[in-house]
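Structure below is upload.txt: compact mmCIF, C-alpha atoms and all ligand atoms.
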```txt
# COMPACT_ATOMS: atom_id res chain seq x y z
CA MET A 1 34.89 20.05 -6.06
CA ASN A 2 36.34 16.53 -6.24
CA LYS A 3 35.39 13.68 -8.50
CA PHE A 4 32.96 11.43 -6.61
CA GLN A 5 30.68 8.45 -6.96
CA ILE A 6 27.21 7.88 -5.49
CA ILE A 7 25.61 4.47 -5.27
CA ALA A 8 21.97 3.87 -4.35
CA PRO A 9 20.23 0.49 -4.26
CA GLY A 10 16.82 -0.43 -5.58
CA LYS A 11 14.11 -1.93 -3.39
CA VAL A 12 12.05 -5.05 -3.03
CA ILE A 13 8.78 -5.40 -1.11
CA LEU A 14 8.96 -8.51 1.04
CA HIS A 15 5.45 -8.32 2.56
CA GLY A 16 2.44 -6.05 2.65
CA GLU A 17 2.16 -4.93 -1.00
CA HIS A 18 -1.38 -3.80 -1.78
CA ALA A 19 -2.33 -3.95 1.91
CA VAL A 20 -0.09 -0.90 2.36
CA VAL A 21 -2.44 1.14 0.15
CA TYR A 22 -5.09 0.52 2.88
CA LYS A 23 -2.82 1.80 5.68
CA LYS A 24 -1.49 -1.63 6.66
CA PRO A 25 2.26 -2.06 7.23
CA ALA A 26 4.60 -3.19 4.48
CA LEU A 27 8.11 -4.62 4.82
CA ALA A 28 10.54 -3.36 2.21
CA ALA A 29 14.27 -3.86 1.80
CA ALA A 30 17.19 -2.47 -0.18
CA VAL A 31 18.32 -4.87 -2.92
CA GLY A 32 21.93 -5.57 -3.83
CA LEU A 33 21.46 -4.06 -7.31
CA SER A 34 22.05 -0.35 -7.67
CA THR A 35 22.24 2.86 -9.62
CA LYS A 36 25.67 4.45 -9.89
CA LEU A 37 26.30 8.17 -10.43
CA LEU A 38 29.75 9.49 -11.35
CA PHE A 39 30.48 13.20 -10.92
CA TYR A 40 33.34 14.84 -12.84
CA PRO A 41 34.11 18.52 -12.19
CA GLN A 42 34.76 20.53 -15.38
CA PRO A 43 36.31 23.77 -14.04
CA GLU A 44 36.82 25.27 -17.52
CA SER A 45 33.27 24.62 -18.67
CA ASP A 46 30.02 26.56 -18.22
CA VAL A 47 27.73 23.62 -18.95
CA ALA A 48 26.34 20.81 -16.77
CA ILE A 49 26.16 17.60 -18.80
CA PHE A 50 24.04 14.59 -17.82
CA ASN A 51 24.81 11.36 -19.57
CA LEU A 52 22.07 8.79 -18.87
CA GLU A 53 23.42 5.48 -20.06
CA THR A 54 20.27 3.40 -19.59
CA LEU A 55 17.99 5.83 -21.38
CA ASN A 56 20.70 6.33 -23.99
CA CYS A 57 20.40 10.12 -23.85
CA THR A 58 22.31 13.23 -22.81
CA PHE A 59 20.96 16.49 -21.36
CA GLU A 60 22.76 19.78 -21.00
CA ILE A 61 22.10 22.74 -18.74
CA GLN A 62 23.75 26.04 -19.68
CA LEU A 63 24.88 27.52 -16.37
CA LYS A 64 24.23 31.11 -17.40
CA GLN A 65 20.62 30.36 -18.24
CA PHE A 66 20.23 28.27 -15.07
CA ASN A 67 21.69 31.02 -12.85
CA ASP A 68 19.34 33.56 -14.46
CA PHE A 69 16.43 31.26 -13.63
CA ILE A 70 17.60 31.01 -10.00
CA LYS A 71 17.90 34.81 -9.81
CA ASP A 72 14.32 35.18 -11.12
CA ILE A 73 13.02 32.72 -8.55
CA ARG A 74 14.80 34.53 -5.71
CA GLU A 75 13.20 37.78 -6.85
CA LYS A 76 9.78 36.20 -7.29
CA TYR A 77 9.71 34.58 -3.83
CA PRO A 78 11.99 36.91 -1.85
CA GLU A 79 11.62 36.03 1.82
CA ASN A 80 10.84 32.31 1.84
CA LYS A 81 14.03 30.36 1.25
CA LEU A 82 12.24 27.41 -0.27
CA ASP A 83 9.24 26.33 1.67
CA CYS A 84 7.08 25.89 -1.37
CA THR A 85 8.41 23.19 -3.67
CA ALA A 86 5.10 23.14 -5.59
CA LYS A 87 5.67 26.70 -6.86
CA LEU A 88 9.25 25.92 -7.85
CA LEU A 89 8.13 22.80 -9.69
CA GLU A 90 5.65 24.81 -11.74
CA ASP A 91 8.34 27.35 -12.68
CA VAL A 92 10.74 24.58 -13.66
CA ARG A 93 7.99 22.91 -15.71
CA ALA A 94 7.62 26.12 -17.70
CA VAL A 95 11.38 26.26 -18.44
CA ILE A 96 11.46 22.62 -19.55
CA ALA A 97 8.31 23.00 -21.64
CA LYS A 98 10.00 25.90 -23.48
CA GLN A 99 13.08 23.75 -24.18
CA PHE A 100 10.96 20.89 -25.54
CA ASP A 101 8.63 23.34 -27.28
CA GLY A 102 7.85 22.84 -30.95
CA SER A 103 8.38 19.11 -30.83
CA THR A 104 5.54 16.96 -32.12
CA ASN A 105 7.16 13.85 -30.72
CA ASN A 106 4.65 12.12 -28.42
CA SER A 107 6.43 8.79 -28.15
CA PRO A 108 6.62 7.29 -24.62
CA LYS A 109 10.43 7.43 -24.82
CA TYR A 110 10.33 11.17 -25.54
CA GLN A 111 7.84 11.79 -22.72
CA GLN A 112 10.08 9.76 -20.42
CA SER A 113 13.12 11.88 -21.30
CA GLN A 114 11.13 15.05 -20.70
CA LYS A 115 10.11 13.85 -17.22
CA THR A 116 13.67 12.82 -16.45
CA PHE A 117 15.06 16.20 -17.50
CA LEU A 118 12.37 17.91 -15.43
CA ALA A 119 13.44 15.90 -12.37
CA ILE A 120 17.12 16.78 -12.94
CA TYR A 121 16.48 20.52 -13.34
CA TYR A 122 14.05 20.66 -10.43
CA LEU A 123 16.36 18.83 -7.99
CA LEU A 124 19.32 20.98 -9.01
CA ALA A 125 17.30 24.20 -8.59
CA GLY A 126 15.94 22.96 -5.25
CA ALA A 127 19.44 22.20 -3.94
CA VAL A 128 20.80 25.62 -5.02
CA LEU A 129 17.85 27.59 -3.66
CA SER A 130 17.84 25.84 -0.28
CA ALA A 131 21.66 25.88 0.08
CA PRO A 132 23.07 27.09 3.42
CA SER A 133 24.63 30.10 1.68
CA GLU A 134 23.26 31.97 -1.33
CA LEU A 135 25.10 30.68 -4.37
CA THR A 136 25.15 30.33 -8.14
CA LEU A 137 26.76 27.53 -10.15
CA LYS A 138 30.17 28.84 -11.19
CA SER A 139 31.75 25.98 -13.10
CA GLY A 140 30.50 23.09 -15.16
CA PHE A 141 30.44 19.38 -14.43
CA LYS A 142 29.62 16.09 -16.03
CA ILE A 143 27.35 13.47 -14.45
CA HIS A 144 27.16 9.92 -15.73
CA ILE A 145 24.39 7.62 -14.45
CA ASP A 146 24.06 3.91 -15.05
CA THR A 147 22.01 1.22 -13.31
CA GLU A 148 21.84 -2.53 -12.71
CA LEU A 149 18.10 -2.21 -12.06
CA ASN A 150 15.41 -2.98 -14.62
CA ILE A 151 13.68 0.32 -15.27
CA GLY A 152 9.93 0.52 -14.72
CA SER A 153 9.45 -2.92 -13.19
CA GLY A 154 8.84 -2.20 -9.51
CA LEU A 155 12.44 -2.47 -8.29
CA GLY A 156 12.57 1.20 -7.39
CA SER A 157 14.79 2.35 -10.26
CA SER A 158 13.23 5.82 -10.24
CA ALA A 159 13.77 6.34 -6.51
CA SER A 160 17.32 5.04 -6.78
CA PHE A 161 17.94 7.44 -9.69
CA GLY A 162 16.34 10.37 -7.80
CA ALA A 163 18.31 9.65 -4.63
CA THR A 164 21.70 9.62 -6.40
CA LEU A 165 20.88 12.91 -8.15
CA ALA A 166 19.52 14.53 -4.98
CA ALA A 167 22.62 13.51 -3.01
CA ALA A 168 24.97 14.79 -5.75
CA PHE A 169 23.25 18.18 -5.97
CA LEU A 170 23.00 18.59 -2.18
CA LEU A 171 26.69 17.74 -1.90
CA ILE A 172 27.90 20.22 -4.54
CA THR A 173 25.74 22.98 -3.06
CA GLY A 174 27.24 22.59 0.41
CA HIS A 175 24.36 21.00 2.37
CA PHE A 176 26.82 18.35 3.62
CA ASP A 177 30.14 16.79 2.69
CA GLU A 178 31.38 13.30 1.76
CA LYS A 179 31.30 12.25 5.42
CA SER A 180 28.48 14.21 7.04
CA TYR A 181 25.88 12.95 4.53
CA LEU A 182 25.49 9.97 6.85
CA LYS A 183 23.97 12.10 9.62
CA LEU A 184 20.28 11.37 10.09
CA GLU A 185 19.13 14.87 9.12
CA ASN A 186 21.17 14.75 5.91
CA ARG A 187 19.82 11.35 4.94
CA ALA A 188 16.34 12.70 5.60
CA LEU A 189 17.10 15.59 3.23
CA ILE A 190 18.28 13.22 0.48
CA SER A 191 15.19 11.06 0.93
CA GLN A 192 12.93 14.12 0.88
CA TRP A 193 14.36 15.35 -2.44
CA ALA A 194 14.29 11.81 -3.89
CA PHE A 195 10.59 11.86 -2.94
CA GLU A 196 10.21 15.09 -4.93
CA SER A 197 11.69 13.31 -7.93
CA GLU A 198 9.27 10.41 -7.35
CA ARG A 199 6.38 12.89 -7.44
CA ILE A 200 7.44 13.83 -10.95
CA MET A 201 7.76 10.21 -12.08
CA HIS A 202 4.58 8.89 -10.39
CA GLY A 203 2.26 11.62 -9.17
CA THR A 204 1.36 10.15 -5.77
CA PRO A 205 4.19 7.96 -4.46
CA SER A 206 3.79 6.39 -1.02
CA GLY A 207 7.32 7.36 0.03
CA VAL A 208 8.51 3.83 0.69
CA ASP A 209 10.90 3.61 -2.29
CA ASN A 210 12.86 6.81 -1.63
CA THR A 211 13.10 5.90 2.07
CA VAL A 212 14.44 2.37 1.51
CA VAL A 213 16.96 3.35 -1.16
CA THR A 214 18.35 6.16 1.00
CA TYR A 215 18.54 4.43 4.39
CA GLY A 216 19.03 0.83 3.20
CA GLY A 217 18.38 -2.22 5.37
CA MET A 218 14.86 -3.52 5.89
CA LEU A 219 12.05 -1.37 7.09
CA ARG A 220 8.46 -1.47 8.21
CA PHE A 221 6.47 1.25 6.54
CA VAL A 222 2.94 2.53 7.07
CA LYS A 223 1.60 5.03 4.56
CA GLY A 224 1.41 8.49 6.10
CA GLN A 225 3.08 7.36 9.34
CA GLY A 226 6.75 6.95 8.43
CA PHE A 227 8.97 3.95 8.97
CA GLN A 228 11.00 1.95 11.47
CA SER A 229 14.25 0.20 10.50
CA LEU A 230 14.51 -3.45 11.43
CA ASN A 231 17.50 -4.47 13.47
CA ILE A 232 18.78 -7.17 11.12
CA GLN A 233 22.13 -8.95 11.57
CA ARG A 234 22.73 -9.67 7.91
CA PRO A 235 20.98 -9.25 4.56
CA LEU A 236 18.76 -12.02 3.26
CA ASN A 237 19.65 -13.94 0.10
CA ILE A 238 17.02 -13.69 -2.60
CA MET A 239 16.55 -14.41 -6.26
CA LEU A 240 14.61 -11.90 -8.33
CA VAL A 241 12.84 -13.49 -11.26
CA ASP A 242 11.58 -11.26 -14.04
CA SER A 243 8.37 -12.64 -15.56
CA ARG A 244 8.98 -10.28 -18.49
CA VAL A 245 5.28 -9.40 -18.38
CA ASN A 246 4.80 -5.62 -18.41
CA ARG A 247 2.07 -4.13 -16.30
CA SER A 248 1.03 -0.82 -14.88
CA THR A 249 1.07 -0.58 -11.09
CA ALA A 250 -1.67 2.08 -11.22
CA ASP A 251 -4.01 -0.21 -13.22
CA ILE A 252 -3.53 -3.13 -10.85
CA VAL A 253 -4.02 -0.96 -7.77
CA ALA A 254 -7.28 0.30 -9.36
CA LYS A 255 -8.49 -3.27 -10.04
CA VAL A 256 -7.78 -4.28 -6.46
CA ARG A 257 -9.67 -1.22 -5.24
CA HIS A 258 -12.67 -2.30 -7.28
CA LEU A 259 -12.54 -5.74 -5.64
CA TRP A 260 -12.28 -4.11 -2.19
CA GLU A 261 -15.28 -1.88 -2.96
CA THR A 262 -17.29 -4.95 -4.00
CA PHE A 263 -16.32 -7.17 -1.03
CA PRO A 264 -14.96 -4.80 1.63
CA LYS A 265 -15.18 -7.23 4.56
CA VAL A 266 -13.57 -10.12 2.69
CA ILE A 267 -10.71 -8.01 1.38
CA ASP A 268 -10.23 -6.21 4.70
CA SER A 269 -9.74 -9.59 6.34
CA ILE A 270 -7.01 -10.31 3.77
CA TRP A 271 -5.33 -7.02 4.70
CA ASP A 272 -5.56 -8.03 8.39
CA ALA A 273 -3.85 -11.33 7.56
CA CYS A 274 -1.13 -9.46 5.62
CA GLU A 275 -0.57 -7.28 8.69
CA GLU A 276 -0.12 -10.39 10.85
CA ILE A 277 2.40 -11.76 8.35
CA VAL A 278 4.48 -8.60 8.74
CA ALA A 279 4.26 -8.90 12.54
CA ASP A 280 5.37 -12.57 12.48
CA ALA A 281 8.08 -12.00 9.88
CA ILE A 282 9.89 -9.13 11.66
CA PRO A 283 11.34 -11.20 14.55
CA LEU A 284 12.45 -13.85 12.04
CA TYR A 285 14.32 -11.32 9.87
CA GLU A 286 15.80 -9.72 12.98
CA SER A 287 17.11 -12.99 14.36
CA PHE A 288 18.74 -14.48 11.24
CA GLY A 289 22.45 -14.65 11.88
CA ASN A 290 22.09 -14.74 15.68
CA ALA A 291 22.16 -18.50 16.04
CA LYS A 292 24.47 -21.07 14.43
CA ASP A 293 21.54 -22.81 12.80
CA ASP A 294 18.84 -20.67 11.29
CA SER A 295 17.10 -23.50 9.45
CA VAL A 296 13.97 -23.71 11.63
CA LYS A 297 13.43 -19.95 11.38
CA PHE A 298 14.09 -20.09 7.65
CA GLU A 299 11.41 -22.76 7.23
CA LYS A 300 8.96 -20.56 9.14
CA LEU A 301 9.74 -17.66 6.82
CA GLU A 302 9.22 -19.92 3.82
CA ARG A 303 5.72 -20.70 5.07
CA LEU A 304 4.99 -17.02 5.56
CA PHE A 305 6.14 -16.40 1.97
CA GLN A 306 3.73 -19.06 0.78
CA ILE A 307 0.78 -17.74 2.80
CA ASN A 308 1.51 -14.18 1.66
CA ASN A 309 1.64 -15.31 -1.96
CA ASP A 310 -1.64 -17.20 -1.63
CA LEU A 311 -3.29 -14.06 -0.22
CA LEU A 312 -1.99 -12.05 -3.18
CA LYS A 313 -3.36 -14.71 -5.51
CA ALA A 314 -6.71 -14.39 -3.72
CA ILE A 315 -6.91 -10.73 -4.68
CA GLY A 316 -6.24 -11.64 -8.31
CA VAL A 317 -2.75 -10.22 -8.86
CA THR A 318 -1.01 -13.32 -10.14
CA HIS A 319 -0.35 -14.22 -13.79
CA PRO A 320 0.23 -17.52 -15.66
CA LYS A 321 3.93 -16.58 -16.10
CA LEU A 322 4.27 -15.92 -12.35
CA GLU A 323 2.52 -19.25 -11.66
CA GLN A 324 5.09 -20.96 -13.86
CA ILE A 325 7.90 -19.39 -11.80
CA PHE A 326 6.29 -20.49 -8.50
CA ALA A 327 5.87 -24.05 -9.83
CA ILE A 328 9.48 -24.31 -11.04
CA ALA A 329 10.79 -22.97 -7.72
CA PHE A 330 8.52 -25.23 -5.64
CA LYS A 331 9.55 -28.30 -7.61
CA ARG A 332 13.18 -27.57 -6.66
CA GLY A 333 12.25 -26.98 -3.00
CA PHE A 334 12.28 -23.13 -3.01
CA PHE A 335 9.53 -20.79 -1.78
CA SER A 336 8.60 -17.68 -3.69
CA LYS A 337 6.07 -14.91 -3.92
CA ILE A 338 4.91 -11.97 -5.99
CA THR A 339 6.71 -8.77 -5.06
CA GLY A 340 5.14 -5.37 -5.69
CA ALA A 341 2.00 -4.89 -7.71
CA GLY A 342 1.96 -8.34 -9.37
CA ALA A 343 0.08 -9.38 -12.55
CA GLY A 344 3.57 -9.63 -14.08
CA GLY A 345 6.73 -7.89 -12.95
CA PHE A 346 8.95 -9.79 -10.55
CA ALA A 347 8.74 -12.82 -8.27
CA VAL A 348 11.08 -13.10 -5.28
CA VAL A 349 12.50 -16.51 -4.31
CA LEU A 350 13.95 -17.11 -0.84
CA LEU A 351 17.50 -18.45 -0.96
CA PRO A 352 19.26 -20.16 1.95
CA GLU A 353 22.57 -18.94 3.36
CA ASN A 354 25.14 -20.86 1.27
CA TYR A 355 22.98 -21.27 -1.78
CA GLU A 356 25.85 -21.07 -4.26
CA SER A 357 27.28 -24.37 -3.04
CA ASN A 358 23.91 -26.04 -3.51
CA GLU A 359 23.58 -27.87 -6.82
CA VAL A 360 19.78 -27.53 -6.77
CA TYR A 361 20.12 -23.73 -6.82
CA TRP A 362 22.04 -23.89 -10.12
CA LYS A 363 19.42 -26.24 -11.56
CA LEU A 364 16.68 -23.81 -10.52
CA LYS A 365 18.50 -20.90 -12.15
CA GLU A 366 19.07 -22.86 -15.35
CA GLU A 367 15.47 -24.03 -15.55
CA LEU A 368 14.08 -20.52 -15.01
CA GLU A 369 16.43 -19.06 -17.60
CA SER A 370 15.65 -21.69 -20.20
CA ALA A 371 11.93 -21.02 -19.60
CA GLY A 372 12.67 -17.42 -20.70
CA PHE A 373 12.71 -15.63 -17.34
CA GLY A 374 15.32 -13.09 -16.20
CA VAL A 375 17.18 -14.25 -13.09
CA GLN A 376 19.27 -12.14 -10.69
CA SER A 377 20.47 -13.49 -7.36
CA THR A 378 21.12 -10.76 -4.86
CA THR A 379 20.37 -9.66 -1.29
CA ALA A 380 17.56 -7.87 0.55
CA GLY A 381 18.51 -5.59 3.42
CA GLY A 382 21.95 -4.36 2.34
CA GLU A 383 23.45 -0.88 2.38
CA GLY A 384 21.57 2.27 1.44
CA LEU A 385 22.89 5.25 -0.48
CA ARG A 386 26.61 5.94 -0.14
CA ILE A 387 29.05 8.53 -1.42
CA ASN A 388 32.68 7.79 -2.28
CA ASP A 389 35.22 10.53 -2.89
CA LEU A 390 37.26 9.33 -5.89
CA ASP A 391 40.10 11.83 -5.42
CA ASP A 392 41.17 10.42 -2.03
N1 LIG B 401 19.09 4.92 -14.51
C1 LIG B 401 18.16 5.76 -14.91
N2 LIG B 401 18.48 6.73 -15.79
C2 LIG B 401 17.55 7.61 -16.18
N3 LIG B 401 16.25 7.61 -15.79
C3 LIG B 401 15.89 6.66 -14.93
C4 LIG B 401 16.79 5.70 -14.44
N4 LIG B 401 16.14 4.89 -13.60
C5 LIG B 401 14.87 5.32 -13.55
N5 LIG B 401 14.70 6.38 -14.35
C6 LIG B 401 13.46 7.13 -14.54
O1 LIG B 401 12.45 6.49 -13.76
C7 LIG B 401 11.39 6.01 -14.59
C8 LIG B 401 10.93 4.61 -14.12
O2 LIG B 401 10.17 4.77 -12.98
P1 LIG B 401 9.05 3.70 -12.58
O3 LIG B 401 8.17 3.47 -13.74
O4 LIG B 401 8.49 4.13 -11.31
O5 LIG B 401 9.85 2.39 -12.37
P2 LIG B 401 10.50 1.75 -11.09
O6 LIG B 401 9.44 0.88 -10.51
O7 LIG B 401 11.64 0.97 -11.64
O8 LIG B 401 10.90 2.86 -10.19
C9 LIG B 401 11.99 5.95 -15.97
O9 LIG B 401 10.99 6.14 -16.92
C10 LIG B 401 12.98 7.10 -15.98
O10 LIG B 401 12.32 8.31 -16.24
C1 LIG B 402 0.88 -2.45 -5.01
C2 LIG B 402 1.69 -1.49 -4.19
O1 LIG B 402 1.48 -1.76 -2.80
C3 LIG B 402 3.16 -1.64 -4.42
C4 LIG B 402 3.58 -1.28 -5.80
O2 LIG B 402 4.75 -1.92 -6.01
P1 LIG B 402 5.80 -1.66 -7.13
O3 LIG B 402 6.37 -0.28 -6.92
O4 LIG B 402 5.10 -1.83 -8.43
O5 LIG B 402 6.77 -2.71 -6.77
C5 LIG B 402 1.23 -0.06 -4.50
C6 LIG B 402 1.76 1.01 -3.58
O6 LIG B 402 2.24 0.71 -2.47
O7 LIG B 402 1.65 2.18 -3.96
```
Can the structure in the file be given as structure tokens, please?
Amino acid sequence: MNKFQIIAPGKVILHGEHAVVYKKPALAAAVGLSTKLLFYPQPESDVAIFNLETLNCTFEIQLKQFNDFIKDIREKYPENKLDCTAKLLEDVRAVIAKQFDGSTNNSPKYQQSQKTFLAIYYLLAGAVLSAPSELTLKSGFKIHIDTELNIGSGLGSSASFGATLAAAFLLITGHFDEKSYLKLENRALISQWAFESERIMHGTPSGVDNTVVTYGGMLRFVKGQGFQSLNIQRPLNIMLVDSRVNRSTADIVAKVRHLWETFPKVIDSIWDACEEIVADAIPLYESFGNAKDDSVKFEKLERLFQINNDLLKAIGVTHPKLEQIFAIAFKRGFFSKITGAGAGGFAVVLLPENYESNEVYWKLKEELESAGFGVQSTTAGGEGLRINDLDD
């Protein structure tokens, strides 16, 4: 096996957050910030080492013990290759629980590492058991993972992490090679295993994050119905502004549900309006880059951003810190909105094409930073997961 690198972006929701929970479409896009996985073969070793830079921890899997586990699973479920991931997950849980057994550490960081190790072990076992030919892991390797994404803030860091791991394990177990991973069925396989990792991190993910980070671009997504990729000409410039207010997506989704249960007709009409925003926004995103002058279309999109944000405010998912971001951006002539669950997290600001040559952009960045916000200018709609062979 060669040394290789896998890069997977994070995601941003452009429109339809919250409404998507109620089966309305959402528009999501790959962001230009990513997770990078480096794979180093270690032919003389019998250990798989995982060095997770952002979590500042290292995990090891002894290949002998892992191969024994795989043998047990094959004996336990003889004829079905791997059509029951739930059973496998339970067996992997038991192995991981044994390894973490005896610890009285209940800190969130420790729980997080346990979940992460579970995801790694489960994806590796899944890739081996579903491999085209029956195999065991014969020689060791080292995997290093680092990310430009803020973890746990709605930018899809967990899906991006899961997708890089899934792709690495599927590659080393012969599901595809460094070129054929781009085939639709192979991308679907990566996305499916990244979804499995999301199930460990979240419980009931919608599937949008693993899909966007794997395929890239911009896509329209309806819960339970799959997705369609938009035919965009170029990625959109955006600024991601971190309010630095922590929140739990699950709590906010529950609060919104309570509001919906209290005023179903009012809130349903907001979801209908969000659906119309998605419908009006798609042709705008698809036509940017077609004409010499996109400014009229850009102004239309700015208005849609504003309307979308006002609808999100109406369901109570803003925050004084987000309001401060919107006010600073508006004062400088930029339009912005909540992205994701809201009540903290990130705001997304629309940036015009040549924003870096615009003095006002630099003033906006400076003002947001001196107000204590985190600012990252990037793109929405860029490339999805990719694999680079580093021995070429
Ligand atoms: N680069 C990474 N290295 C290790 N674990 C990661 C990484 N990125 C994400 N994770 C895992 O994903 C979890 C964050 O998932 P989540 O709370 O859904 O945030 P997000 O919205 O960023 O996906 C982390 O607790 C960690 O377990
Ligand atoms: C609020 C919601 O629509 C998006 C959650 O966004 P995020 O992953 O916190 O960015 C919830 C969901 O789609 O599951």
Please provide as a ChimeraX atom specification all residues within 12 Å of segment 129-132 of chain A, with the sequence filter that same-chain residues fewer than 6 positions apart are discarded (counting all atoms listed in the file). /A:66-67,69-75,77-85,88,122-123,169-176,189,193
Residues within 10 Å of ligand LIG 402 (chain B), counting only C-alpha atoms and all ligand atoms: report them as an mmCIF file with C-alpha atoms, in the coordinates of the input.
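Final output, saved to out_26.cif:
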```cif
data_model
loop_
_atom_site.group_PDB
_atom_site.id
_atom_site.type_symbol
_atom_site.label_atom_id
_atom_site.label_comp_id
_atom_site.auth_asym_id
_atom_site.auth_seq_id
_atom_site.Cartn_x
_atom_site.Cartn_y
_atom_site.Cartn_z
ATOM 1 C CA LYS A 11 14.110 -1.930 -3.390
ATOM 2 C CA VAL A 12 12.050 -5.050 -3.030
ATOM 3 C CA ILE A 13 8.780 -5.400 -1.110
ATOM 4 C CA LEU A 14 8.960 -8.510 1.040
ATOM 5 C CA HIS A 15 5.450 -8.320 2.560
ATOM 6 C CA GLY A 16 2.440 -6.050 2.650
ATOM 7 C CA GLU A 17 2.160 -4.930 -1.000
ATOM 8 C CA HIS A 18 -1.380 -3.800 -1.780
ATOM 9 C CA ALA A 19 -2.330 -3.950 1.910
ATOM 10 C CA VAL A 20 -0.090 -0.900 2.360
ATOM 11 C CA VAL A 21 -2.440 1.140 0.150
ATOM 12 C CA TYR A 22 -5.090 0.520 2.880
ATOM 13 C CA LYS A 23 -2.820 1.800 5.680
ATOM 14 C CA LYS A 24 -1.490 -1.630 6.660
ATOM 15 C CA ALA A 26 4.600 -3.190 4.480
ATOM 16 C CA ALA A 28 10.540 -3.360 2.210
ATOM 17 C CA GLY A 152 9.930 0.520 -14.720
ATOM 18 C CA SER A 153 9.450 -2.920 -13.190
ATOM 19 C CA GLY A 154 8.840 -2.200 -9.510
ATOM 20 C CA LEU A 155 12.440 -2.470 -8.290
ATOM 21 C CA GLY A 156 12.570 1.200 -7.390
ATOM 22 C CA SER A 157 14.790 2.350 -10.260
ATOM 23 C CA SER A 158 13.230 5.820 -10.240
ATOM 24 C CA ALA A 159 13.770 6.340 -6.510
ATOM 25 C CA HIS A 202 4.580 8.890 -10.390
ATOM 26 C CA THR A 204 1.360 10.150 -5.770
ATOM 27 C CA PRO A 205 4.190 7.960 -4.460
ATOM 28 C CA SER A 206 3.790 6.390 -1.020
ATOM 29 C CA GLY A 207 7.320 7.360 0.030
ATOM 30 C CA VAL A 208 8.510 3.830 0.690
ATOM 31 C CA ASP A 209 10.900 3.610 -2.290
ATOM 32 C CA PHE A 221 6.470 1.250 6.540
ATOM 33 C CA VAL A 222 2.940 2.530 7.070
ATOM 34 C CA LYS A 223 1.600 5.030 4.560
ATOM 35 C CA ARG A 247 2.070 -4.130 -16.300
ATOM 36 C CA SER A 248 1.030 -0.820 -14.880
ATOM 37 C CA THR A 249 1.070 -0.580 -11.090
ATOM 38 C CA ALA A 250 -1.670 2.080 -11.220
ATOM 39 C CA ASP A 251 -4.010 -0.210 -13.220
ATOM 40 C CA ILE A 252 -3.530 -3.130 -10.850
ATOM 41 C CA VAL A 253 -4.020 -0.960 -7.770
ATOM 42 C CA ALA A 254 -7.280 0.300 -9.360
ATOM 43 C CA VAL A 256 -7.780 -4.280 -6.460
ATOM 44 C CA VAL A 317 -2.750 -10.220 -8.860
ATOM 45 C CA ILE A 338 4.910 -11.970 -5.990
ATOM 46 C CA THR A 339 6.710 -8.770 -5.060
ATOM 47 C CA GLY A 340 5.140 -5.370 -5.690
ATOM 48 C CA ALA A 341 2.000 -4.890 -7.710
ATOM 49 C CA GLY A 342 1.960 -8.340 -9.370
ATOM 50 C CA ALA A 343 0.080 -9.380 -12.550
ATOM 51 C CA GLY A 344 3.570 -9.630 -14.080
ATOM 52 C CA GLY A 345 6.730 -7.890 -12.950
ATOM 53 C CA PHE A 346 8.950 -9.790 -10.550
#
```
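Our summary of the geometry notes that atom CA of Phe330 of chain A is positioned 24.7 Å from atom CA of Glu275 of chain A.
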Could you work out an axis-aligned box for ligand LIG 401 (chain B), taking every atom the file lists and adding 5 Å on each side, and report centre and edge lengths in Å to one decimal, as lines of an AutoDock Vina configuration file?
```
center_x = 13.6
center_y = 4.6
center_z = -13.6
size_x = 20.9
size_y = 17.4
size_z = 16.7
```
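Note that the spacing between atom CA of Lys109 of chain A and atom CA of Ile145 of chain A amounts to 17.4 Å.
For the choices A:Lys142, A:Arg199, A:Lys64, A:Lys297, the atom-to-atom distance to ligand LIG 401 (chain B) is smallest for A:Arg199 when using all atoms listed in the file.
Here atom O9 of ligand LIG 401 (chain B) and atom CA of Ser113 of chain A stand 7.5 Å from one another.
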